[in-house]
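Next comes start-v4.txt, with compact mmCIF, C-alpha atoms and all ligand atoms.
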# COMPACT_ATOMS: atom_id res chain seq x y z
CA MET F 1 2.95 -53.03 11.59
CA LYS F 2 -0.11 -51.05 10.54
CA ALA F 3 0.37 -48.73 13.51
CA LEU F 4 3.98 -48.16 12.52
CA PHE F 5 2.96 -47.44 8.92
CA THR F 6 0.33 -44.95 10.13
CA PHE F 7 2.97 -43.34 12.33
CA PHE F 8 5.34 -42.85 9.38
CA LEU F 9 2.50 -41.63 7.20
CA SER F 10 1.46 -39.05 9.74
CA LEU F 11 5.13 -38.04 10.22
CA LEU F 12 5.47 -37.57 6.46
CA LEU F 13 2.27 -35.55 6.34
CA SER F 14 3.34 -33.32 9.20
CA LEU F 15 6.77 -32.75 7.61
CA ASN F 16 5.06 -31.87 4.36
CA LEU F 17 2.74 -29.43 6.13
CA ALA F 18 5.69 -27.86 7.92
CA ALA F 19 7.46 -27.43 4.58
CA GLN F 20 4.38 -25.77 3.09
CA ASP F 21 4.13 -23.53 6.12
CA HIS F 22 7.64 -22.23 5.67
CA SER F 23 7.12 -21.26 2.03
CA HIS F 24 4.67 -18.52 3.13
CA GLN F 25 2.70 -19.06 -0.09
CA SER F 26 -0.54 -17.22 -0.20
CA ALA F 27 -3.54 -16.64 -2.41
CA ARG F 28 -3.40 -12.93 -1.67
CA PRO F 29 -0.07 -11.48 -2.87
CA ILE F 30 -0.17 -7.75 -3.58
CA SER F 31 1.52 -6.98 -6.89
CA PHE F 32 1.67 -4.04 -9.27
CA PRO F 33 3.68 -3.49 -12.45
CA ASN F 34 6.94 -1.56 -12.65
CA PHE F 35 7.09 1.37 -15.06
CA GLY F 36 9.66 3.78 -16.45
CA ALA F 37 12.93 3.65 -14.51
CA TYR F 38 11.18 2.55 -11.35
CA GLN F 39 10.52 -0.61 -9.41
CA THR F 40 7.08 -0.61 -7.81
CA LEU F 41 7.63 -1.63 -4.19
CA SER F 42 4.64 -2.45 -1.99
CA THR F 43 5.14 -1.30 1.58
CA ASP F 44 3.26 -1.10 4.87
CA LEU F 45 4.92 1.55 7.04
CA HIS F 46 2.70 1.44 10.14
CA MET F 47 2.16 -1.54 12.47
CA HIS F 48 2.27 -2.59 16.11
CA THR F 49 3.13 -5.60 18.27
CA VAL F 50 3.09 -6.31 22.02
CA PHE F 51 6.11 -4.01 22.27
CA SER F 52 3.59 -1.17 22.33
CA ASP F 53 -0.21 -1.61 22.07
CA GLY F 54 -0.42 -4.47 19.57
CA SER F 55 -1.64 -7.94 20.54
CA VAL F 56 0.90 -10.11 18.68
CA TRP F 57 4.55 -10.99 19.23
CA ASP F 58 6.61 -11.58 16.08
CA ILE F 59 4.30 -12.48 13.20
CA ARG F 60 4.48 -9.21 11.22
CA VAL F 61 7.19 -10.62 8.95
CA GLN F 62 5.19 -13.77 8.15
CA GLU F 63 2.10 -11.71 7.37
CA ALA F 64 4.10 -9.43 5.05
CA LEU F 65 5.53 -12.47 3.25
CA MET F 66 2.01 -13.84 2.77
CA ASP F 67 1.00 -10.52 1.22
CA GLY F 68 4.09 -10.46 -0.98
CA LEU F 69 5.21 -7.07 0.37
CA ASP F 70 8.64 -5.62 -0.39
CA ALA F 71 9.10 -3.68 2.85
CA ILE F 72 7.53 -3.11 6.26
CA ALA F 73 8.33 -0.63 9.02
CA MET F 74 8.09 -1.55 12.69
CA THR F 75 6.54 1.50 14.35
CA GLU F 76 5.85 0.92 18.04
CA HIS F 77 4.56 3.84 20.08
CA LEU F 78 7.59 5.38 21.76
CA GLU F 79 5.66 6.72 24.73
CA TYR F 80 2.72 4.32 25.04
CA GLN F 81 3.47 0.78 26.28
CA PRO F 82 0.33 -0.70 27.88
CA HIS F 83 1.87 -4.22 28.20
CA SER F 84 5.05 -3.11 29.95
CA ALA F 85 4.03 -4.56 33.35
CA ASP F 86 4.12 -8.06 31.78
CA ILE F 87 6.70 -7.43 29.06
CA PRO F 88 9.25 -4.87 30.14
CA HIS F 89 11.11 -3.59 27.10
CA PRO F 90 13.23 -0.57 27.81
CA ASP F 91 14.91 -0.90 24.39
CA ARG F 92 12.56 0.78 21.89
CA ASN F 93 14.38 -0.94 19.00
CA ARG F 94 13.41 -4.44 20.18
CA ALA F 95 10.47 -5.07 17.79
CA TYR F 96 12.67 -4.03 14.86
CA ASP F 97 15.54 -6.30 15.96
CA LEU F 98 13.21 -9.31 16.20
CA ALA F 99 11.62 -8.62 12.81
CA LEU F 100 15.03 -8.21 11.21
CA ALA F 101 16.12 -11.62 12.55
CA GLU F 102 12.85 -13.22 11.41
CA ALA F 103 13.29 -11.82 7.88
CA LYS F 104 16.96 -12.72 7.46
CA ASP F 105 16.40 -15.45 4.84
CA HIS F 106 13.89 -13.42 2.84
CA GLU F 107 13.85 -10.51 0.39
CA LEU F 108 11.56 -8.50 2.66
CA LEU F 109 13.12 -5.19 3.76
CA ILE F 110 12.64 -4.27 7.42
CA ILE F 111 12.62 -0.58 8.25
CA ARG F 112 13.40 0.72 11.71
CA GLY F 113 10.69 3.13 12.85
CA SER F 114 8.85 4.61 15.81
CA GLU F 115 5.56 6.36 16.46
CA ILE F 116 5.80 9.72 18.22
CA THR F 117 2.57 9.79 20.20
CA ARG F 118 0.82 12.89 21.54
CA GLY F 119 -2.71 14.29 21.87
CA ALA F 120 -4.19 16.68 19.30
CA PRO F 121 -3.09 18.91 17.70
CA ILE F 122 0.31 17.15 17.51
CA GLY F 123 -1.33 13.76 17.13
CA HIS F 124 0.50 10.57 16.12
CA ASN F 125 3.45 10.62 13.73
CA ASN F 126 5.69 7.88 12.37
CA ALA F 127 9.40 8.35 11.83
CA VAL F 128 10.85 5.60 9.62
CA PHE F 129 14.46 4.89 8.53
CA ILE F 130 15.65 6.05 11.95
CA GLU F 131 18.94 4.84 13.46
CA ASP F 132 18.02 4.52 17.13
CA ALA F 133 14.49 4.75 18.53
CA ASN F 134 15.75 5.19 22.12
CA LYS F 135 17.28 8.55 21.29
CA MET F 136 13.91 9.82 20.10
CA LEU F 137 12.32 9.45 23.54
CA LYS F 138 11.99 13.15 24.44
CA GLU F 139 9.82 15.25 26.73
CA LYS F 140 8.92 17.70 23.98
CA ALA F 141 7.50 16.45 20.66
CA GLU F 142 9.52 19.13 18.84
CA ASP F 143 12.73 17.52 20.13
CA ALA F 144 11.63 14.05 19.00
CA PHE F 145 10.94 15.34 15.48
CA ARG F 146 14.30 17.14 15.36
CA GLU F 147 16.11 13.98 16.50
CA ALA F 148 14.29 11.88 13.87
CA LYS F 149 15.22 14.35 11.15
CA ASN F 150 18.85 14.31 12.31
CA GLN F 151 18.81 10.51 12.02
CA GLY F 152 17.73 10.85 8.37
CA ALA F 153 14.15 9.75 8.93
CA PHE F 154 11.15 10.05 6.64
CA ILE F 155 8.40 11.41 8.92
CA PHE F 156 4.64 11.30 8.33
CA TRP F 157 1.42 12.33 10.04
CA ASN F 158 -0.71 9.31 10.99
CA HIS F 159 -4.49 9.18 10.61
CA PRO F 160 -5.03 12.97 10.69
CA ALA F 161 -8.77 12.33 10.22
CA TRP F 162 -8.99 9.96 13.24
CA THR F 163 -12.23 10.72 15.08
CA ALA F 164 -10.59 10.28 18.53
CA GLN F 165 -8.58 13.42 17.77
CA SER F 166 -10.88 15.15 15.29
CA SER F 167 -14.61 14.71 15.99
CA LYS F 168 -15.63 15.73 12.47
CA GLY F 169 -13.29 13.20 10.90
CA LEU F 170 -11.37 16.03 9.22
CA PRO F 171 -7.64 16.73 9.34
CA VAL F 172 -6.86 20.02 11.07
CA LEU F 173 -3.51 21.51 10.14
CA SER F 174 -2.22 23.26 13.26
CA ASP F 175 0.73 25.59 13.78
CA PHE F 176 2.64 22.53 15.02
CA GLN F 177 2.43 20.75 11.65
CA LYS F 178 3.04 23.98 9.73
CA GLU F 179 6.24 24.51 11.70
CA ARG F 180 7.38 20.87 11.20
CA ILE F 181 6.76 21.10 7.44
CA LYS F 182 8.70 24.37 7.30
CA MET F 183 11.59 22.77 9.22
CA GLY F 184 11.68 19.73 6.91
CA GLU F 185 10.55 17.51 9.80
CA LEU F 186 7.24 16.32 8.31
CA HIS F 187 7.28 14.79 4.85
CA GLY F 188 4.12 12.75 4.42
CA ILE F 189 0.53 12.11 5.47
CA GLU F 190 -1.69 9.03 5.66
CA VAL F 191 -4.70 9.42 3.36
CA VAL F 192 -5.75 5.83 4.15
CA ASN F 193 -5.35 4.40 7.64
CA TYR F 194 -6.86 1.08 8.76
CA GLY F 195 -9.48 1.14 6.01
CA ALA F 196 -10.47 4.79 6.34
CA TYR F 197 -9.84 6.96 3.27
CA ALA F 198 -10.12 10.71 3.93
CA GLU F 199 -10.43 12.86 0.82
CA GLU F 200 -9.62 15.88 2.98
CA SER F 201 -6.25 14.34 3.86
CA LEU F 202 -5.53 13.96 0.14
CA ALA F 203 -6.41 17.63 -0.37
CA LEU F 204 -4.02 18.52 2.46
CA ALA F 205 -1.24 16.36 1.00
CA LEU F 206 -1.52 18.24 -2.31
CA GLU F 207 -1.84 21.67 -0.69
CA GLN F 208 1.17 21.13 1.60
CA ASP F 209 3.18 19.11 -0.95
CA LEU F 210 3.38 16.00 1.28
CA THR F 211 3.91 12.34 0.34
CA ILE F 212 0.66 10.35 0.00
CA LEU F 213 0.51 7.15 2.12
CA ALA F 214 -1.77 4.25 3.01
CA THR F 215 -0.99 1.99 5.97
CA SER F 216 -2.68 -0.87 7.82
CA ASP F 217 -1.82 0.39 11.34
CA VAL F 218 -2.49 -3.23 12.29
CA HIS F 219 -2.60 -4.10 16.02
CA GLY F 220 -4.17 -7.58 15.82
CA LEU F 221 -3.88 -9.86 12.79
CA ILE F 222 -3.99 -8.90 9.11
CA GLU F 223 -6.11 -12.05 8.71
CA TRP F 224 -8.77 -10.82 11.14
CA ASP F 225 -8.81 -7.18 10.11
CA TYR F 226 -8.59 -7.62 6.34
CA SER F 227 -8.19 -11.02 4.63
CA ASN F 228 -11.09 -12.76 6.38
CA LYS F 229 -13.37 -9.88 5.38
CA GLY F 230 -12.32 -10.15 1.75
CA LEU F 231 -10.26 -6.95 2.05
CA GLN F 232 -6.64 -6.20 1.22
CA ARG F 233 -4.39 -4.48 3.72
CA PRO F 234 -3.73 -0.84 2.75
CA VAL F 235 -0.27 -0.40 1.21
CA THR F 236 1.84 2.46 -0.06
CA LEU F 237 3.25 1.70 -3.51
CA VAL F 238 6.66 3.34 -3.74
CA PHE F 239 8.36 3.93 -7.10
CA ALA F 240 12.02 3.40 -6.23
CA LYS F 241 15.17 3.33 -8.34
CA GLU F 242 16.03 -0.06 -6.83
CA LYS F 243 14.92 -2.34 -4.01
CA SER F 244 16.93 -1.04 -1.09
CA LEU F 245 16.31 0.92 2.11
CA ALA F 246 18.16 3.98 0.80
CA ALA F 247 16.23 3.97 -2.49
CA LEU F 248 12.92 3.64 -0.61
CA ASN F 249 13.76 6.57 1.67
CA GLU F 250 14.75 8.67 -1.37
CA ALA F 251 11.56 7.79 -3.28
CA LEU F 252 9.33 8.51 -0.27
CA LYS F 253 10.94 11.92 0.24
CA ALA F 254 10.58 12.59 -3.52
CA LYS F 255 6.82 11.82 -3.13
CA ARG F 256 6.83 8.99 -5.70
CA THR F 257 3.91 7.00 -4.21
CA VAL F 258 0.40 5.74 -4.77
CA ALA F 259 -1.80 4.66 -1.86
CA ALA F 260 -3.64 1.40 -2.61
CA TYR F 261 -6.56 -0.10 -0.70
CA ASN F 262 -8.82 -2.68 -2.40
CA ASP F 263 -10.24 -0.93 -5.48
CA LEU F 264 -8.95 2.50 -4.42
CA LEU F 265 -5.75 3.98 -5.87
CA ILE F 266 -4.78 7.45 -4.67
CA GLY F 267 -1.74 9.39 -5.81
CA ARG F 268 -0.25 12.15 -7.87
CA GLN F 269 -1.30 12.08 -11.52
CA GLU F 270 2.28 11.58 -12.79
CA PHE F 271 2.52 8.22 -10.95
CA LEU F 272 -1.12 7.13 -10.89
CA GLU F 273 -1.44 7.28 -14.69
CA PRO F 274 1.56 5.13 -15.68
CA LEU F 275 0.67 2.68 -12.88
CA ILE F 276 -2.82 2.11 -14.31
CA LEU F 277 -1.66 2.21 -17.95
CA ASN F 278 0.80 -0.59 -17.18
CA SER F 279 -1.78 -2.52 -15.16
CA ILE F 280 -3.84 -3.25 -18.27
CA SER F 281 -2.78 -5.43 -21.16
CA ILE F 282 -4.82 -5.73 -24.36
CA HIS F 283 -5.07 -8.99 -26.28
CA ASN F 284 -6.42 -10.35 -29.55
CA ALA F 285 -8.14 -7.24 -30.98
CA HIS F 286 -9.87 -8.22 -34.22
CA TYR F 287 -12.98 -7.41 -36.24
CA MET F 288 -15.84 -9.84 -35.71
CA SER F 289 -16.59 -11.38 -39.08
CA GLY F 290 -18.95 -9.37 -41.28
CA THR F 291 -18.97 -6.39 -38.85
CA GLU F 292 -17.23 -3.12 -38.03
CA ILE F 293 -17.11 -4.21 -34.38
CA VAL F 294 -13.75 -4.93 -32.72
CA GLU F 295 -13.59 -7.72 -30.18
CA LEU F 296 -10.72 -7.47 -27.69
CA THR F 297 -9.69 -8.83 -24.31
CA LEU F 298 -8.51 -6.65 -21.43
CA LYS F 299 -6.42 -8.19 -18.67
CA ASN F 300 -5.89 -6.62 -15.27
CA GLU F 301 -2.24 -7.29 -14.41
CA CYS F 302 -2.41 -5.94 -10.82
CA SER F 303 -3.85 -7.20 -7.54
CA SER F 304 -6.44 -4.43 -7.16
CA ASP F 305 -9.88 -4.44 -8.74
CA LEU F 306 -10.05 -1.64 -11.30
CA ILE F 307 -13.29 0.25 -12.02
CA PHE F 308 -13.59 1.95 -15.40
CA GLU F 309 -16.02 3.99 -17.48
CA ASN F 310 -15.67 3.96 -21.24
CA LYS F 311 -14.71 7.44 -22.51
CA SER F 312 -13.65 6.35 -26.01
CA ALA F 313 -15.10 7.96 -29.13
CA TYR F 314 -16.74 4.56 -29.66
CA THR F 315 -19.40 2.80 -27.60
CA PHE F 316 -19.45 -0.81 -26.43
CA HIS F 317 -21.63 -3.53 -27.93
CA GLU F 318 -23.34 -5.93 -25.47
CA SER F 319 -21.72 -4.59 -22.28
CA SER F 320 -22.07 -1.70 -19.86
CA PRO F 321 -19.84 1.38 -20.30
CA VAL F 322 -19.09 1.12 -16.56
CA PHE F 323 -17.33 -2.08 -15.55
CA VAL F 324 -15.07 -3.69 -12.99
CA LEU F 325 -11.99 -5.61 -14.00
CA LYS F 326 -11.17 -7.69 -10.94
CA ALA F 327 -7.61 -8.36 -9.85
CA HIS F 328 -5.85 -10.42 -12.58
CA GLU F 329 -9.17 -10.89 -14.43
CA ARG F 330 -9.51 -11.10 -18.25
CA LYS F 331 -12.68 -9.78 -19.86
CA THR F 332 -13.76 -9.54 -23.49
CA PHE F 333 -15.33 -6.36 -24.91
CA LYS F 334 -16.86 -5.41 -28.25
CA VAL F 335 -16.21 -1.89 -29.51
CA LYS F 336 -18.24 -0.30 -32.33
CA THR F 337 -15.63 1.57 -34.34
CA LEU F 338 -18.18 2.22 -37.17
CA GLN F 339 -15.55 1.62 -39.85
CA LYS F 340 -12.62 -0.78 -40.14
CA MET F 341 -9.42 0.75 -38.74
CA LYS F 342 -5.87 -0.53 -38.26
CA SER F 343 -5.81 0.95 -34.77
CA PHE F 344 -7.95 3.09 -32.50
CA GLU F 345 -7.79 4.83 -29.14
CA LEU F 346 -9.42 3.09 -26.18
CA LYS F 347 -10.07 5.71 -23.53
CA LEU F 348 -11.16 4.76 -19.99
CA GLU F 349 -11.78 6.82 -16.89
CA ALA F 350 -10.49 5.03 -13.78
CA LEU F 351 -13.36 5.60 -11.33
CA GLY F 352 -11.59 4.05 -8.32
CA ALA F 353 -8.48 6.18 -8.80
CA PHE F 354 -8.06 9.69 -7.42
CA TYR F 355 -5.32 12.24 -8.11
CA ALA F 356 -7.28 14.90 -6.19
CA PRO F 357 -10.64 14.83 -4.38
CA SER F 358 -13.29 13.71 -6.93
CA LYS F 359 -10.74 13.73 -9.78
CA HIS F 360 -10.18 10.52 -11.77
CA PRO F 361 -7.48 10.02 -14.37
CA VAL F 362 -8.60 9.27 -17.94
CA LEU F 363 -6.22 6.84 -19.64
CA SER F 364 -5.69 6.06 -23.31
CA TRP F 365 -4.41 2.89 -24.90
CA GLU F 366 -3.62 2.63 -28.63
CA VAL F 367 -5.25 -0.62 -29.75
CA THR F 368 -3.78 -2.29 -32.84
CA VAL F 369 -6.38 -4.37 -34.65
CA LYS F 370 -5.32 -7.59 -36.38
CA GLU F 371 -5.88 -7.73 -40.17
ZN ZN G 401 0.08 3.50 15.16
Could you write out this file's structure as structure tokens?
Ligand code: ZN
Amino acid sequence: MKALFTFFLSLLLSLNLAAQDHSHQSARPISFPNFGAYQTLSTDLHMHTVFSDGSVWDIRVQEALMDGLDAIAMTEHLEYQPHSADIPHPDRNRAYDLALAEAKDHELLIIRGSEITRGAPIGHNNAVFIEDANKMLKEKAEDAFREAKNQGAFIFWNHPAWTAQSSKGLPVLSDFQKERIKMGELHGIEVVNYGAYAEESLALALEQDLTILATSDVHGLIEWDYSNKGLQRPVTLVFAKEKSLAALNEALKAKRTVAAYNDLLIGRQEFLEPLILNSISIHNAHYMSGTEIVELTLKNECSSDLIFENKSAYTFHESSPVFVLKAHERKTFKVKTLQKMKSFELKLEALGAFYAPSKHPVLSWEVTVKE
């Protein structure tokens, strides 16, 4: 009898565990506020599985659900398939097809992509929102880019600062890229790839008017490469008119992005500023009794740690002018406004945010003080 009871108990427990497993709940969801007319979609547009040089089969969808992403692109190397002796896969769309089936009961968007793979100076380039990866398999890289463009793809230059192709760790814009940009066959550039942020790639993005991206380029597990080390996977935040593949493609081509990696936020000023402004909420501003000092609470509403320096006309009481507001953290500050005011301007420089090399946005919030 006891054995039977134990059996049912363990059956119940295992069913319960299986149910938990399927919910894909996680302590690490990536989330940022919407602003203006846009939905902020978190995307990872560069990843691999055994269908090229990755070491996993079909877990990219589960990982993305754990991270709370809105969209991922499957981007196997077109021309490089080191596992093909064991896993023949003549159909270059196979990883996408499997991911699409895996994601069918979820909100996660799956984007069909491919990585066009050559040595320097052409380097590695992802084409996403393609229609058929097989048709992109061409002798000449120029033909692969043209085919991707004809399929309506958004095309970006991967890890231009990769030391295997650039010994100084600097992006080198060659005639090949210049020609692709001129032809409308190269739209974006990774400024963060697998944890490496290159300021020089940001400079190039601005100079050549390219979309700014961050990607994980994961080959193993997100857990091993990022989560277990206390890191977040790099993501590209895309400001789209709605959550759909077409709206994502449009927003990427319109360069409405911010690259996010841990406490780093990199993007054009016009998107970086509203993103950070909307990531902070201010609560309970009031004068401490018998003083001209305002006490208020700041809350970080996003999943990145934000680093600030006080640039207000007023200094802080009992705290450093440089501070970190961790993801979703609330912190109380005291501001010496010198006289009692109904409202005042809180001005903070976002030290982890870059709209150009070494350039941080300075944000202002109007703080209303309770009577
Ligand atoms: Zn890659």
Which residues of chain F come within 10 Å of ligand ZN 401 (chain G), and what is each one's closest atom pair and distance in Å (one decimal), counting all atoms listed in the file, sorted by chain and residue number, as a tab-separated table?
residue	atom	partner	partner_atom	distance
F:Leu45	CA	G:ZN401	ZN	9.7
F:His46	CA	G:ZN401	ZN	6.0
F:Met47	CA	G:ZN401	ZN	6.1
F:His48	CA	G:ZN401	ZN	6.5
F:Ser52	CA	G:ZN401	ZN	9.2
F:Asp53	CA	G:ZN401	ZN	8.6
F:Gly54	CA	G:ZN401	ZN	9.1
F:Met74	CA	G:ZN401	ZN	9.8
F:Thr75	CA	G:ZN401	ZN	6.8
F:Glu76	CA	G:ZN401	ZN	6.9
F:His77	CA	G:ZN401	ZN	6.7
F:Ser114	CA	G:ZN401	ZN	8.9
F:Glu115	CA	G:ZN401	ZN	6.3
F:Ile116	CA	G:ZN401	ZN	9.0
F:Thr117	CA	G:ZN401	ZN	8.4
F:His124	CA	G:ZN401	ZN	7.1
F:Asn125	CA	G:ZN401	ZN	8.0
F:Asn126	CA	G:ZN401	ZN	7.6
F:Asn158	CA	G:ZN401	ZN	7.2
F:His159	CA	G:ZN401	ZN	8.6
F:Asn193	CA	G:ZN401	ZN	9.3
F:Tyr194	CA	G:ZN401	ZN	9.7
F:Thr215	CA	G:ZN401	ZN	9.4
F:Ser216	CA	G:ZN401	ZN	9.0
F:Asp217	CA	G:ZN401	ZN	5.3
F:Val218	CA	G:ZN401	ZN	7.8
F:His219	CA	G:ZN401	ZN	8.1
Handout entry: Residues near range 351-357 of chain F, cut-off 6 Å, only C-alpha atoms, skip fewer than 5 positions along chain, as JSON, numbers by chain
Key = {"F": [199, 263, 264, 265, 266, 267, 268, 269, 307, 308]}
Practice task
Might you pull out every residue within 8 Å of range 283-288 of chain F, with all atoms listed in the file counted and same-chain residues fewer than 6 positions away left off, and present them as JSON, numbers by chain?
Solution key: {"F": [294, 295, 296, 297, 298, 299, 340, 367, 368, 369, 370, 371]}
Print the selection's residues with C-alpha atoms to a file, as a PDB file, in the coordinates of the input.
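Result written to result09.pdb:
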ATOM      1  CA  VAL F 294     -13.750  -4.930 -32.720  1.00  0.00           C
ATOM      2  CA  GLU F 295     -13.590  -7.720 -30.180  1.00  0.00           C
ATOM      3  CA  LEU F 296     -10.720  -7.470 -27.690  1.00  0.00           C
ATOM      4  CA  THR F 297      -9.690  -8.830 -24.310  1.00  0.00           C
ATOM      5  CA  LEU F 298      -8.510  -6.650 -21.430  1.00  0.00           C
ATOM      6  CA  LYS F 299      -6.420  -8.190 -18.670  1.00  0.00           C
ATOM      7  CA  LYS F 340     -12.620  -0.780 -40.140  1.00  0.00           C
ATOM      8  CA  VAL F 367      -5.250  -0.620 -29.750  1.00  0.00           C
ATOM      9  CA  THR F 368      -3.780  -2.290 -32.840  1.00  0.00           C
ATOM     10  CA  VAL F 369      -6.380  -4.370 -34.650  1.00  0.00           C
ATOM     11  CA  LYS F 370      -5.320  -7.590 -36.380  1.00  0.00           C
ATOM     12  CA  GLU F 371      -5.880  -7.730 -40.170  1.00  0.00           C
TER      13      GLU F 371
END
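Between Gly169 in chain F and the candidates F:Leu213, F:Leu78, F:Val258, F:Ala196, the tightest atom-to-atom separation, counting all atoms listed in the file, involves F:Ala196.
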Exercise for the section: Extract, using only C-alpha atoms, all DNA, RNA and protein residues at most 7 Å from Val191 in chain F, discarding same-chain residues fewer than 2 positions from it, and format them as a PyMOL selection string. Expected result: chain F and resi 189+193+197-198+201-202+212-214
Exercise for the section: Find the residue from F:His89, F:Lys241, F:Lys182, F:His187 that sits nearest to Gly152 in chain F; use only C-alpha atoms when measuring. Expected result: F:His187
Exercise for the section: Tell me which protein, DNA and RNA residues are within 7 Å of Leu363 in chain F, counting only C-alpha atoms, leaving out same-chain ones fewer than 3 positions away, and put them as number ranges by chain. Expected result: F: 273, 277, 347-349
Kindly compute an axis-aligned box around the listed atoms of range 188-200 of chain F, allowing 3 Å on each side, and express its centre and edge lengths in Å to one decimal as JSON.
{"center_x": -3.2, "center_y": 8.5, "center_z": 4.8, "size_x": 20.6, "size_y": 20.8, "size_z": 13.9}
